[in-house]
Amino acid sequence: MTITELEAPVLPFAARPQDSWRDLPARQQPDWPDPVALRRVLDELAGARPLVSAGQCDRLRNRLAAVARGEAFLLQGGDCAESFDGVSANQVRDKIQTLQQMALVLTQASSLPVVKLGRMAGQYAKPRSSGHETRDGVTLPSYRGDAVNGAAFTAADRTPDPERLRTAYLTSARTLELIRAASEGSSADLERVHAWNRDFVSGSPARDRYRGPVEDFAVTLRLLRAFGTRGDFGGAAEVFTSHEALLLDYEAALTRTDPFTGGRYALSAHQLWIGERTREPGGAHVEFAAGIRNPVAVKIGPTAEPDEVLELVRRIDPQGEPGRLTLIARMGADLVRDRLPRLVARLAAAGSAVAWVCDPMHGNTVGTPSGHKTRRLDDVMDEVAGFFEVHRALGTHPGGLHLELTGEEVTECVGGSQEVTLGDLPRRYETTCDPRLNRSQSLDLAFRTAELLGDGWR
Ligand code: PEP
Ligand code: CO
């Protein structure tokens, strides 16, 4: 059966009532104590300047269409949860530089342009497995991201406050400015990015292993110039933004109709994704995603069944438009080889145009004796390797990576060539949610993925 042969008719998105999602169950929404205050902030946001433009969203959709066709690779990364006070120029710059360095290594390995997409400038809302948290006999609402409440374990912090939605908007705007300055600044010079990679390799205990990609830069430059003839594709300056579309009231308030095409765009970010906990096909999040023109992604965990994924595709991408829908597999290193093949095979058989990318973070989180949540870089790499094996075996394109990372040398994940041990974790454990790869672990991951991408160095 192909997607177009599935019986139930789906309205093309232009004909969808814009608020159809409001009639459906929405999981993971905060319990705002003051609906009047919430309404006031949402009305204000509905009249505010959009954060990104419809044209930029269209451009990202075109880039992702190349990923879906096997002609490009996606690198998506940033914090699990951004925090309002984490927006310094240095932090944003370090994250952008890390993405630029990784992208260059991946281009060198694959000879493909790399689309850079930050989990940045809006990643402020978190789904939680439990609505409440109990410590020493005290029970408070769980932390749901800075857009909702504060991380500190006090009643004042944990009470959802709609003023935070306004701060989320303003902090996103400020972060976007910093991303623009960082990506279009001196690091847009690829030779400079390459020099940082050379410095990383020469200072790394893994220098012999990683030397390959940094040696033949002349070839890479020629390639990148060739991509450059198709706009800035593959260059260092083009960085898009994304976050989980969790808070539907916020996303709806920032949704606008494009006067030229009549299409509706959620202009809080270029790409929005739906998380593993909110992706049920009949739910409000999927309905919201189906009604916007942005490129959209959906997380797919190990319990997903082929029929369920096909139904998601039918709802969100009824026309089978390349670039419209990206599926982010987050299976866990021990399950990816078992669970992913039948999903990929089923969609391929149905003629689906989706891009597949690998989130090797969320299926590999473990607790430690010190009470920290961590991830082992070796497990993360094993899932990436499994993802590549599955696609190679099926003849489909392993389209990219979705990572939680930061440009700073935090100690949240263990392993890496500049090894972080379990004992190191308390030293610089700064995440408000899941553990992130630090800068050198992120580069390790890029160099090790490069080994999987190329059969040696051409
Ligand atoms: C996340 O990306 O931080 C997240 C919560 O992921 P998932 O929805 O895949 O669990
Ligand atoms: Co996370």
# chains A, B, ... in the order shown; residues from 1 in each chain; ligands from 1
>>> select_by_dssp(residues="stretch 140-289 of chain A", states="alpha helix (DSSP H)", output="PDB file with N, CA and C atoms, in the first residue's frame")
ATOM      1  N   ALA A 155       8.275  26.093  46.277  1.00  0.00           N
ATOM      2  CA  ALA A 155       6.914  26.259  45.758  1.00  0.00           C
ATOM      3  C   ALA A 155       6.851  27.465  44.826  1.00  0.00           C
ATOM      4  N   ALA A 156       7.576  28.538  45.180  1.00  0.00           N
ATOM      5  CA  ALA A 156       7.545  29.745  44.348  1.00  0.00           C
ATOM      6  C   ALA A 156       8.085  29.447  42.954  1.00  0.00           C
ATOM      7  N   ASP A 157       9.220  28.745  42.880  1.00  0.00           N
ATOM      8  CA  ASP A 157       9.812  28.458  41.574  1.00  0.00           C
ATOM      9  C   ASP A 157       8.971  27.494  40.765  1.00  0.00           C
ATOM     10  N   ARG A 158       8.451  26.476  41.439  1.00  0.00           N
ATOM     11  CA  ARG A 158       7.787  25.400  40.688  1.00  0.00           C
ATOM     12  C   ARG A 158       6.360  25.734  40.251  1.00  0.00           C
ATOM     13  N   GLU A 163       4.089  34.660  32.879  1.00  0.00           N
ATOM     14  CA  GLU A 163       5.068  35.700  32.525  1.00  0.00           C
ATOM     15  C   GLU A 163       6.301  35.069  31.876  1.00  0.00           C
ATOM     16  N   ARG A 164       6.558  33.817  32.237  1.00  0.00           N
ATOM     17  CA  ARG A 164       7.720  33.128  31.682  1.00  0.00           C
ATOM     18  C   ARG A 164       7.606  32.910  30.166  1.00  0.00           C
ATOM     19  N   LEU A 165       6.360  32.876  29.642  1.00  0.00           N
ATOM     20  CA  LEU A 165       6.200  32.730  28.188  1.00  0.00           C
ATOM     21  C   LEU A 165       6.711  33.980  27.478  1.00  0.00           C
ATOM     22  N   ARG A 166       6.448  35.142  28.108  1.00  0.00           N
ATOM     23  CA  ARG A 166       6.963  36.382  27.524  1.00  0.00           C
ATOM     24  C   ARG A 166       8.494  36.366  27.557  1.00  0.00           C
ATOM     25  N   THR A 167       9.048  35.924  28.691  1.00  0.00           N
ATOM     26  CA  THR A 167      10.517  35.858  28.796  1.00  0.00           C
ATOM     27  C   THR A 167      11.088  34.856  27.781  1.00  0.00           C
ATOM     28  N   ALA A 168      10.355  33.765  27.544  1.00  0.00           N
ATOM     29  CA  ALA A 168      10.824  32.783  26.549  1.00  0.00           C
ATOM     30  C   ALA A 168      10.930  33.432  25.174  1.00  0.00           C
ATOM     31  N   TYR A 169       9.906  34.208  24.835  1.00  0.00           N
ATOM     32  CA  TYR A 169       9.910  34.907  23.544  1.00  0.00           C
ATOM     33  C   TYR A 169      11.088  35.887  23.456  1.00  0.00           C
ATOM     34  N   LEU A 170      11.244  36.704  24.505  1.00  0.00           N
ATOM     35  CA  LEU A 170      12.299  37.728  24.480  1.00  0.00           C
ATOM     36  C   LEU A 170      13.691  37.081  24.492  1.00  0.00           C
ATOM     37  N   THR A 171      13.842  36.005  25.259  1.00  0.00           N
ATOM     38  CA  THR A 171      15.150  35.350  25.327  1.00  0.00           C
ATOM     39  C   THR A 171      15.459  34.630  24.012  1.00  0.00           C
ATOM     40  N   SER A 172      14.420  34.105  23.366  1.00  0.00           N
ATOM     41  CA  SER A 172      14.620  33.505  22.038  1.00  0.00           C
ATOM     42  C   SER A 172      15.129  34.565  21.065  1.00  0.00           C
ATOM     43  N   ALA A 173      14.494  35.750  21.107  1.00  0.00           N
ATOM     44  CA  ALA A 173      14.896  36.828  20.191  1.00  0.00           C
ATOM     45  C   ALA A 173      16.350  37.215  20.426  1.00  0.00           C
ATOM     46  N   ARG A 174      16.712  37.308  21.702  1.00  0.00           N
ATOM     47  CA  ARG A 174      18.095  37.681  22.031  1.00  0.00           C
ATOM     48  C   ARG A 174      19.066  36.578  21.571  1.00  0.00           C
ATOM     49  N   THR A 175      18.683  35.326  21.784  1.00  0.00           N
ATOM     50  CA  THR A 175      19.545  34.219  21.364  1.00  0.00           C
ATOM     51  C   THR A 175      19.716  34.202  19.847  1.00  0.00           C
ATOM     52  N   LEU A 176      18.619  34.478  19.123  1.00  0.00           N
ATOM     53  CA  LEU A 176      18.715  34.522  17.658  1.00  0.00           C
ATOM     54  C   LEU A 176      19.717  35.568  17.197  1.00  0.00           C
ATOM     55  N   GLU A 177      19.699  36.718  17.873  1.00  0.00           N
ATOM     56  CA  GLU A 177      20.680  37.756  17.510  1.00  0.00           C
ATOM     57  C   GLU A 177      22.094  37.253  17.749  1.00  0.00           C
ATOM     58  N   LEU A 178      22.295  36.575  18.872  1.00  0.00           N
ATOM     59  CA  LEU A 178      23.632  36.073  19.186  1.00  0.00           C
ATOM     60  C   LEU A 178      24.044  34.961  18.216  1.00  0.00           C
ATOM     61  N   ILE A 179      23.077  34.131  17.794  1.00  0.00           N
ATOM     62  CA  ILE A 179      23.390  33.076  16.819  1.00  0.00           C
ATOM     63  C   ILE A 179      23.831  33.718  15.506  1.00  0.00           C
ATOM     64  N   ARG A 180      23.094  34.752  15.103  1.00  0.00           N
ATOM     65  CA  ARG A 180      23.427  35.434  13.859  1.00  0.00           C
ATOM     66  C   ARG A 180      24.839  36.012  13.946  1.00  0.00           C
ATOM     67  N   ALA A 181      25.121  36.679  15.065  1.00  0.00           N
ATOM     68  CA  ALA A 181      26.451  37.287  15.215  1.00  0.00           C
ATOM     69  C   ALA A 181      27.532  36.208  15.206  1.00  0.00           C
ATOM     70  N   ALA A 182      27.272  35.095  15.880  1.00  0.00           N
ATOM     71  CA  ALA A 182      28.296  34.049  15.980  1.00  0.00           C
ATOM     72  C   ALA A 182      28.480  33.335  14.649  1.00  0.00           C
ATOM     73  N   SER A 183      27.376  33.032  13.950  1.00  0.00           N
ATOM     74  CA  SER A 183      27.514  32.210  12.746  1.00  0.00           C
ATOM     75  C   SER A 183      27.996  33.032  11.561  1.00  0.00           C
ATOM     76  N   GLU A 184      27.660  34.322  11.558  1.00  0.00           N
ATOM     77  CA  GLU A 184      28.071  35.143  10.418  1.00  0.00           C
ATOM     78  C   GLU A 184      29.363  35.891  10.720  1.00  0.00           C
ATOM     79  N   LEU A 190      35.654  29.302   6.722  1.00  0.00           N
ATOM     80  CA  LEU A 190      35.852  27.855   6.911  1.00  0.00           C
ATOM     81  C   LEU A 190      37.294  27.500   7.241  1.00  0.00           C
ATOM     82  N   GLU A 191      38.231  28.312   6.749  1.00  0.00           N
ATOM     83  CA  GLU A 191      39.628  27.997   7.054  1.00  0.00           C
ATOM     84  C   GLU A 191      39.874  28.133   8.546  1.00  0.00           C
ATOM     85  N   ARG A 192      39.146  29.082   9.151  1.00  0.00           N
ATOM     86  CA  ARG A 192      39.290  29.245  10.600  1.00  0.00           C
ATOM     87  C   ARG A 192      38.694  28.038  11.334  1.00  0.00           C
ATOM     88  N   VAL A 193      37.523  27.602  10.872  1.00  0.00           N
ATOM     89  CA  VAL A 193      36.894  26.425  11.493  1.00  0.00           C
ATOM     90  C   VAL A 193      37.833  25.220  11.346  1.00  0.00           C
ATOM     91  N   HIS A 194      38.409  25.105  10.173  1.00  0.00           N
ATOM     92  CA  HIS A 194      39.346  24.006   9.936  1.00  0.00           C
ATOM     93  C   HIS A 194      40.554  24.097  10.875  1.00  0.00           C
ATOM     94  N   ALA A 195      41.046  25.309  11.109  1.00  0.00           N
ATOM     95  CA  ALA A 195      42.203  25.481  12.004  1.00  0.00           C
ATOM     96  C   ALA A 195      41.841  25.037  13.429  1.00  0.00           C
ATOM     97  N   TRP A 196      40.613  25.334  13.861  1.00  0.00           N
ATOM     98  CA  TRP A 196      40.193  24.859  15.202  1.00  0.00           C
ATOM     99  C   TRP A 196      40.195  23.335  15.241  1.00  0.00           C
ATOM    100  N   ASN A 197      39.717  22.715  14.161  1.00  0.00           N
ATOM    101  CA  ASN A 197      39.704  21.249  14.134  1.00  0.00           C
ATOM    102  C   ASN A 197      41.119  20.690  14.193  1.00  0.00           C
ATOM    103  N   ARG A 198      42.030  21.348  13.456  1.00  0.00           N
ATOM    104  CA  ARG A 198      43.434  20.885  13.492  1.00  0.00           C
ATOM    105  C   ARG A 198      43.979  21.004  14.906  1.00  0.00           C
ATOM    106  N   ASP A 199      43.675  22.124  15.585  1.00  0.00           N
ATOM    107  CA  ASP A 199      44.133  22.304  16.973  1.00  0.00           C
ATOM    108  C   ASP A 199      43.551  21.220  17.872  1.00  0.00           C
ATOM    109  N   PHE A 200      42.272  20.927  17.685  1.00  0.00           N
ATOM    110  CA  PHE A 200      41.637  19.890  18.519  1.00  0.00           C
ATOM    111  C   PHE A 200      42.348  18.558  18.315  1.00  0.00           C
ATOM    112  N   VAL A 201      42.592  18.209  17.057  1.00  0.00           N
ATOM    113  CA  VAL A 201      43.217  16.909  16.774  1.00  0.00           C
ATOM    114  C   VAL A 201      44.636  16.867  17.337  1.00  0.00           C
ATOM    115  N   SER A 202      45.391  17.928  17.136  1.00  0.00           N
ATOM    116  CA  SER A 202      46.801  17.857  17.585  1.00  0.00           C
ATOM    117  C   SER A 202      46.876  17.822  19.113  1.00  0.00           C
ATOM    118  N   ARG A 207      44.860  11.698  18.531  1.00  0.00           N
ATOM    119  CA  ARG A 207      45.279  12.432  17.328  1.00  0.00           C
ATOM    120  C   ARG A 207      45.589  11.511  16.145  1.00  0.00           C
ATOM    121  N   ASP A 208      46.126  10.324  16.405  1.00  0.00           N
ATOM    122  CA  ASP A 208      46.441   9.448  15.273  1.00  0.00           C
ATOM    123  C   ASP A 208      45.171   8.947  14.592  1.00  0.00           C
ATOM    124  N   ARG A 209      44.183   8.657  15.424  1.00  0.00           N
ATOM    125  CA  ARG A 209      42.926   8.148  14.888  1.00  0.00           C
ATOM    126  C   ARG A 209      42.177   9.219  14.090  1.00  0.00           C
ATOM    127  N   TYR A 210      42.252  10.476  14.542  1.00  0.00           N
ATOM    128  CA  TYR A 210      41.409  11.529  13.963  1.00  0.00           C
ATOM    129  C   TYR A 210      42.096  12.306  12.839  1.00  0.00           C
ATOM    130  N   ARG A 211      43.366  11.976  12.556  1.00  0.00           N
ATOM    131  CA  ARG A 211      44.120  12.845  11.660  1.00  0.00           C
ATOM    132  C   ARG A 211      43.515  12.928  10.254  1.00  0.00           C
ATOM    133  N   GLY A 212      42.954  11.806   9.751  1.00  0.00           N
ATOM    134  CA  GLY A 212      42.466  11.741   8.368  1.00  0.00           C
ATOM    135  C   GLY A 212      41.709  12.956   7.886  1.00  0.00           C
ATOM    136  N   PRO A 213      40.596  13.277   8.521  1.00  0.00           N
ATOM    137  CA  PRO A 213      39.768  14.345   7.976  1.00  0.00           C
ATOM    138  C   PRO A 213      40.423  15.712   7.980  1.00  0.00           C
ATOM    139  N   VAL A 214      41.383  15.957   8.848  1.00  0.00           N
ATOM    140  CA  VAL A 214      41.935  17.319   8.859  1.00  0.00           C
ATOM    141  C   VAL A 214      43.078  17.469   7.865  1.00  0.00           C
ATOM    142  N   GLU A 215      43.435  16.376   7.165  1.00  0.00           N
ATOM    143  CA  GLU A 215      44.595  16.479   6.282  1.00  0.00           C
ATOM    144  C   GLU A 215      44.282  17.051   4.905  1.00  0.00           C
ATOM    145  N   PHE A 217      42.295  19.310   3.421  1.00  0.00           N
ATOM    146  CA  PHE A 217      41.369  20.439   3.474  1.00  0.00           C
ATOM    147  C   PHE A 217      41.135  21.066   2.097  1.00  0.00           C
ATOM    148  N   ALA A 218      42.138  20.983   1.219  1.00  0.00           N
ATOM    149  CA  ALA A 218      41.977  21.597  -0.103  1.00  0.00           C
ATOM    150  C   ALA A 218      40.796  20.963  -0.831  1.00  0.00           C
ATOM    151  N   VAL A 219      40.664  19.647  -0.706  1.00  0.00           N
ATOM    152  CA  VAL A 219      39.555  18.934  -1.351  1.00  0.00           C
ATOM    153  C   VAL A 219      38.232  19.422  -0.770  1.00  0.00           C
ATOM    154  N   THR A 220      38.205  19.549   0.558  1.00  0.00           N
ATOM    155  CA  THR A 220      36.982  19.984   1.223  1.00  0.00           C
ATOM    156  C   THR A 220      36.583  21.381   0.776  1.00  0.00           C
ATOM    157  N   LEU A 221      37.562  22.255   0.678  1.00  0.00           N
ATOM    158  CA  LEU A 221      37.251  23.622   0.276  1.00  0.00           C
ATOM    159  C   LEU A 221      36.634  23.653  -1.116  1.00  0.00           C
ATOM    160  N   ARG A 222      37.180  22.829  -2.008  1.00  0.00           N
ATOM    161  CA  ARG A 222      36.615  22.780  -3.369  1.00  0.00           C
ATOM    162  C   ARG A 222      35.162  22.312  -3.319  1.00  0.00           C
ATOM    163  N   LEU A 223      34.926  21.291  -2.500  1.00  0.00           N
ATOM    164  CA  LEU A 223      33.561  20.780  -2.342  1.00  0.00           C
ATOM    165  C   LEU A 223      32.620  21.866  -1.834  1.00  0.00           C
ATOM    166  N   LEU A 224      33.073  22.544  -0.763  1.00  0.00           N
ATOM    167  CA  LEU A 224      32.211  23.534  -0.129  1.00  0.00           C
ATOM    168  C   LEU A 224      31.928  24.694  -1.076  1.00  0.00           C
ATOM    169  N   ARG A 225      32.921  25.033  -1.896  1.00  0.00           N
ATOM    170  CA  ARG A 225      32.668  26.096  -2.874  1.00  0.00           C
ATOM    171  C   ARG A 225      31.629  25.638  -3.879  1.00  0.00           C
ATOM    172  N   ALA A 226      31.665  24.358  -4.220  1.00  0.00           N
ATOM    173  CA  ALA A 226      30.669  23.832  -5.159  1.00  0.00           C
ATOM    174  C   ALA A 226      29.272  23.873  -4.524  1.00  0.00           C
ATOM    175  N   PHE A 227      29.173  23.497  -3.233  1.00  0.00           N
ATOM    176  CA  PHE A 227      27.860  23.618  -2.557  1.00  0.00           C
ATOM    177  C   PHE A 227      27.436  25.081  -2.564  1.00  0.00           C
ATOM    178  N   GLY A 228      28.419  25.962  -2.363  1.00  0.00           N
ATOM    179  CA  GLY A 228      28.146  27.393  -2.249  1.00  0.00           C
ATOM    180  C   GLY A 228      27.436  27.951  -3.467  1.00  0.00           C
ATOM    181  N   LEU A 248       1.379  24.261  23.311  1.00  0.00           N
ATOM    182  CA  LEU A 248       0.628  24.592  22.099  1.00  0.00           C
ATOM    183  C   LEU A 248       0.062  25.998  22.134  1.00  0.00           C
ATOM    184  N   ASP A 249      -0.315  26.506  23.316  1.00  0.00           N
ATOM    185  CA  ASP A 249      -0.818  27.884  23.392  1.00  0.00           C
ATOM    186  C   ASP A 249       0.248  28.878  22.931  1.00  0.00           C
ATOM    187  N   TYR A 250       1.472  28.644  23.360  1.00  0.00           N
ATOM    188  CA  TYR A 250       2.585  29.521  22.976  1.00  0.00           C
ATOM    189  C   TYR A 250       2.820  29.443  21.460  1.00  0.00           C
ATOM    190  N   GLU A 251       2.884  28.226  20.942  1.00  0.00           N
ATOM    191  CA  GLU A 251       3.159  28.057  19.512  1.00  0.00           C
ATOM    192  C   GLU A 251       2.035  28.665  18.665  1.00  0.00           C
ATOM    193  N   ALA A 252       0.793  28.463  19.124  1.00  0.00           N
ATOM    194  CA  ALA A 252      -0.341  29.008  18.351  1.00  0.00           C
ATOM    195  C   ALA A 252      -0.305  30.538  18.352  1.00  0.00           C
ATOM    196  N   ALA A 253       0.110  31.132  19.494  1.00  0.00           N
ATOM    197  CA  ALA A 253       0.146  32.599  19.571  1.00  0.00           C
ATOM    198  C   ALA A 253       1.187  33.168  18.611  1.00  0.00           C
ATOM    199  N   ALA A 284      -3.473  16.412  20.090  1.00  0.00           N
ATOM    200  CA  ALA A 284      -3.432  17.815  19.681  1.00  0.00           C
ATOM    201  C   ALA A 284      -2.089  18.196  19.043  1.00  0.00           C
ATOM    202  N   HIS A 285      -0.982  17.611  19.524  1.00  0.00           N
ATOM    203  CA  HIS A 285       0.325  18.022  19.007  1.00  0.00           C
ATOM    204  C   HIS A 285       0.479  17.657  17.530  1.00  0.00           C
ATOM    205  N   VAL A 286       0.049  16.448  17.189  1.00  0.00           N
ATOM    206  CA  VAL A 286       0.149  16.019  15.790  1.00  0.00           C
ATOM    207  C   VAL A 286      -0.787  16.866  14.917  1.00  0.00           C
ATOM    208  N   GLU A 287      -1.963  17.149  15.426  1.00  0.00           N
ATOM    209  CA  GLU A 287      -2.910  17.986  14.674  1.00  0.00           C
ATOM    210  C   GLU A 287      -2.331  19.391  14.453  1.00  0.00           C
ATOM    211  N   PHE A 288      -1.707  19.945  15.493  1.00  0.00           N
ATOM    212  CA  PHE A 288      -1.091  21.267  15.343  1.00  0.00           C
ATOM    213  C   PHE A 288      -0.001  21.228  14.260  1.00  0.00           C
ATOM    214  N   ALA A 289       0.840  20.207  14.339  1.00  0.00           N
ATOM    215  CA  ALA A 289       1.943  20.092  13.371  1.00  0.00           C
ATOM    216  C   ALA A 289       1.418  19.947  11.949  1.00  0.00           C
TER     217      ALA A 289
END
>>> residues_near_ligand(ligand="ligand 2", cutoff="9 Å", atoms="only C-alpha atoms and all ligand atoms", output="number ranges by chain")
A: 79-81, 126, 361-362, 403-404, 433-436
>>> residues_near_ligand(ligand="ligand 1", cutoff="10 Å", atoms="only C-alpha atoms and all ligand atoms", output="number ranges by chain")
A: 77-81, 119, 123, 125-129, 243-244, 246, 273-279, 298-301, 328-331, 359-363, 402-404, 433-435
>>> select_by_dssp(residues="stretch 82-277 of chain A", states="strand (DSSP E)", output="count of residues only")
30
>>> atom_distance(atom1="atom CA of A:Gly118", atom2="atom CA of A:Ile96")
8.0 Å
>>> atom_distance(atom1="atom CA of A:Asn149", atom2="atom CA of A:Leu24")
24.7 Å
>>> atom_distance(atom1="atom CA of A:Glu430", atom2="atom CA of A:Leu443")
19.6 Å
>>> closest_residue(among="A:Leu310, A:Leu325, A:Leu343, A:Ala236", to="A:Val105", atoms="only C-alpha atoms")
A:Ala236
>>> decode(residues="stretch 39-52 of chain A", atoms="N, CA, C and O atoms", output="short mmCIF file (atom, residue, chain, number, x, y, z; two decimals), in the first residue's frame")
data_model
loop_
_atom_site.label_atom_id
_atom_site.label_comp_id
_atom_site.auth_asym_id
_atom_site.auth_seq_id
_atom_site.Cartn_x
_atom_site.Cartn_y
_atom_site.Cartn_z
N ARG A 39 -3.95 34.40 29.44
CA ARG A 39 -4.59 35.00 28.26
C ARG A 39 -3.92 36.32 27.88
O ARG A 39 -3.65 36.60 26.71
N ARG A 40 -3.61 37.11 28.91
CA ARG A 40 -3.00 38.43 28.65
C ARG A 40 -1.66 38.25 27.91
O ARG A 40 -1.39 38.92 26.91
N VAL A 41 -0.84 37.34 28.38
CA VAL A 41 0.46 37.14 27.75
C VAL A 41 0.29 36.57 26.34
O VAL A 41 0.96 37.02 25.39
N LEU A 42 -0.63 35.62 26.18
CA LEU A 42 -0.83 35.03 24.84
C LEU A 42 -1.31 36.08 23.85
O LEU A 42 -0.87 36.11 22.69
N ASP A 43 -2.21 36.98 24.30
CA ASP A 43 -2.69 38.04 23.40
C ASP A 43 -1.54 38.95 22.99
O ASP A 43 -1.44 39.38 21.84
N GLU A 44 -0.68 39.21 23.94
CA GLU A 44 0.47 40.05 23.64
C GLU A 44 1.38 39.37 22.60
O GLU A 44 1.82 40.00 21.64
N LEU A 45 1.62 38.08 22.80
CA LEU A 45 2.48 37.34 21.86
C LEU A 45 1.84 37.27 20.47
O LEU A 45 2.54 37.31 19.45
N ALA A 46 0.50 37.19 20.46
CA ALA A 46 -0.19 37.09 19.17
C ALA A 46 0.01 38.37 18.36
O ALA A 46 -0.08 38.36 17.13
N GLY A 47 0.31 39.49 19.03
CA GLY A 47 0.54 40.74 18.31
C GLY A 47 2.02 41.05 18.16
O GLY A 47 2.38 42.11 17.64
N ALA A 48 2.86 40.17 18.62
CA ALA A 48 4.31 40.45 18.62
C ALA A 48 4.94 40.11 17.27
O ALA A 48 4.37 39.37 16.46
N ARG A 49 6.14 40.66 17.08
CA ARG A 49 6.86 40.38 15.84
C ARG A 49 7.29 38.91 15.82
O ARG A 49 7.81 38.41 16.81
N PRO A 50 7.09 38.21 14.69
CA PRO A 50 7.53 36.81 14.64
C PRO A 50 9.04 36.71 14.81
O PRO A 50 9.77 37.64 14.48
N LEU A 51 9.51 35.58 15.32
CA LEU A 51 10.94 35.41 15.59
C LEU A 51 11.73 35.01 14.34
O LEU A 51 12.90 35.33 14.21
N VAL A 52 11.09 34.26 13.46
CA VAL A 52 11.75 33.87 12.20
C VAL A 52 10.78 34.18 11.07
O VAL A 52 9.62 34.52 11.31
#
